[in-house]
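Trainee: Quick one: the structure is below, questions incoming.
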Amino acid sequence: DLAVTSPGEYYKEGEGSLIQAVFDERGFGRSEEKIVADCIDQLHSLFPSSRKLKCTWSNVVKLGQSLYREKPGQDKFRPKQATPISNFFLAGSYTYQDYLDSMEGATRSGLMVADEIIARADGPDGLKALSEKANAAKEEESAPAKSGRKLKIPFFASA
């Protein structure tokens with residue numbers, strides 16, 4: 001119920017609730033009336049208290065090839081979060097992770113990207129290693145001054 005979960009965007013006084021449903025390509029052969037009836041039937045079976053409510057408005061939008069449908073053997077086509085391009089990652093429910101195309105899958109994918117970024121940052125060529133190398137170079141530069149030794153400064157003369 002979008003009016004409950006996102007009231008700022010969807011709740012309007014006196015207009016009730018707003019439900020959004022997504023169907024795969026099997027819905028393409030059905031009429032808009034049948035799709036709405038199927039959605040309401042499913043809503044009633046999941047939430048029996050909804051039987052006392054009345055649908056006052058509906059809209060069906062059919063978008064071809066806009067949904068990911070899980071079929072056996074399709075995981076090999078889902079991209080991984082890390083890509084061959086340096087520091088370029090993919091996050092989203094369509095990427096390779098343990099869940100189907102869902103909010104949970106999108107969240108899990110984002111966490112996997114974060115893990116990958118942290119692993120690279122902590123790795124031998126990551127930010128942590130670069131920072132340690134930079135600090136070591138600074139220490140090395142300031143070491144002669146701390147020890148009291150004189151630095152040889154090159155003299156450049158112009159003609």
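In the structure tokens, chains take the letters A, B, ... in the order shown, each chain's residues start at 1, and ligands count up from 1 in the order shown.
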Run DSSP on the backbone and grab whatever in range 3-139 of chain A lands in alpha helix (DSSP H); send it over as a PyMOL selection string.

Mentor: chain A and resi 3-5+7-10+32-46+103-122+127-139

Trainee: Set the distance at 7 Å and use only C-alpha atoms: which residues neighbour range 101-116 of chain A once local chain neighbours fewer than 2 positions away are removed? I'd like the list as a PyMOL selection string.

Mentor: chain A and resi 68+81+89+91-95+97+99+118-120

Trainee: Rank nothing, just name the residue among A:Ile19, A:Leu53, A:Ile117, A:Ala134 nearest to Asn87 in chain A, using only C-alpha atoms.

Mentor: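 Comparing A:Ile19, A:Leu53, A:Ile117, A:Ala134 against Asn87 in chain A, the winner is A:Ile117.
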
Trainee: Need the shell around Val61 in chain A: protein/DNA/RNA residues with any atom at most 12 Å away, counting only C-alpha atoms. Skip same-chain ones fewer than 2 positions apart. Format as a ChimeraX atom specification?

Mentor: /A:20-25,27-28,31-32,35-36,58-59,63-64,66

Trainee: So that I have them on file, write out the residues from the current selection with C-alpha atoms, as an mmCIF file, in the first residue's frame.

Mentor:
```cif
data_model
loop_
_atom_site.group_PDB
_atom_site.id
_atom_site.type_symbol
_atom_site.label_atom_id
_atom_site.label_comp_id
_atom_site.auth_asym_id
_atom_site.auth_seq_id
_atom_site.Cartn_x
_atom_site.Cartn_y
_atom_site.Cartn_z
ATOM 1 C CA GLN A 20 0.837 -1.080 -7.463
ATOM 2 C CA ALA A 21 1.188 -4.554 -8.953
ATOM 3 C CA VAL A 22 3.680 -5.857 -11.478
ATOM 4 C CA PHE A 23 3.016 -8.808 -13.766
ATOM 5 C CA ASP A 24 5.374 -10.468 -16.227
ATOM 6 C CA GLU A 25 4.748 -11.055 -19.947
ATOM 7 C CA GLY A 27 -0.231 -10.531 -18.532
ATOM 8 C CA PHE A 28 0.157 -9.264 -22.080
ATOM 9 C CA SER A 31 -7.450 -7.670 -21.079
ATOM 10 C CA GLU A 32 -6.957 -4.715 -18.760
ATOM 11 C CA ILE A 35 -5.514 -7.970 -15.095
ATOM 12 C CA VAL A 36 -7.256 -5.661 -12.619
ATOM 13 C CA SER A 58 -7.290 1.442 -11.998
ATOM 14 C CA ASN A 59 -4.701 1.875 -14.704
ATOM 15 C CA LEU A 63 5.823 -2.446 -21.021
ATOM 16 C CA GLY A 64 7.484 -5.126 -23.112
ATOM 17 C CA SER A 66 10.884 -4.238 -18.861
#
```

Trainee: Which one is closest to Asp98 in chain A: A:Asp75, A:Leu18, A:Asp41, A:Ser49? Count only C-alpha atoms.

Mentor: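 Counting only C-alpha atoms, the residue closest to Asp98 in chain A is A:Asp75.
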
Trainee: Give me, please, the distance in Å between CA of Leu90 in chain A and CA of Ala121 in chain A, quoted to one decimal.

Mentor: 16.9 Å

Trainee: Between CA of Arg26 in chain A and CA of Lys54 in chain A, what distance in Å does the model show, to one decimal?

Mentor: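 Pair CA of Arg26 in chain A / CA of Lys54 in chain A returns 25.7 Å.
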
Trainee: Taking only C-alpha atoms into account, name the residue in A:Ala137, A:Pro84, A:Ser50, A:Phe77 that is nearest to Tyr96 in chain A.

Mentor: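 With only C-alpha atoms as the atom set, the closest residue is A:Phe77.
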
Trainee: Kindly give the distance, in Å, that separates CA of Gly16 in chain A and CA of Arg51 in chain A, rounded to a single decimal.

Mentor: 14.0 Å
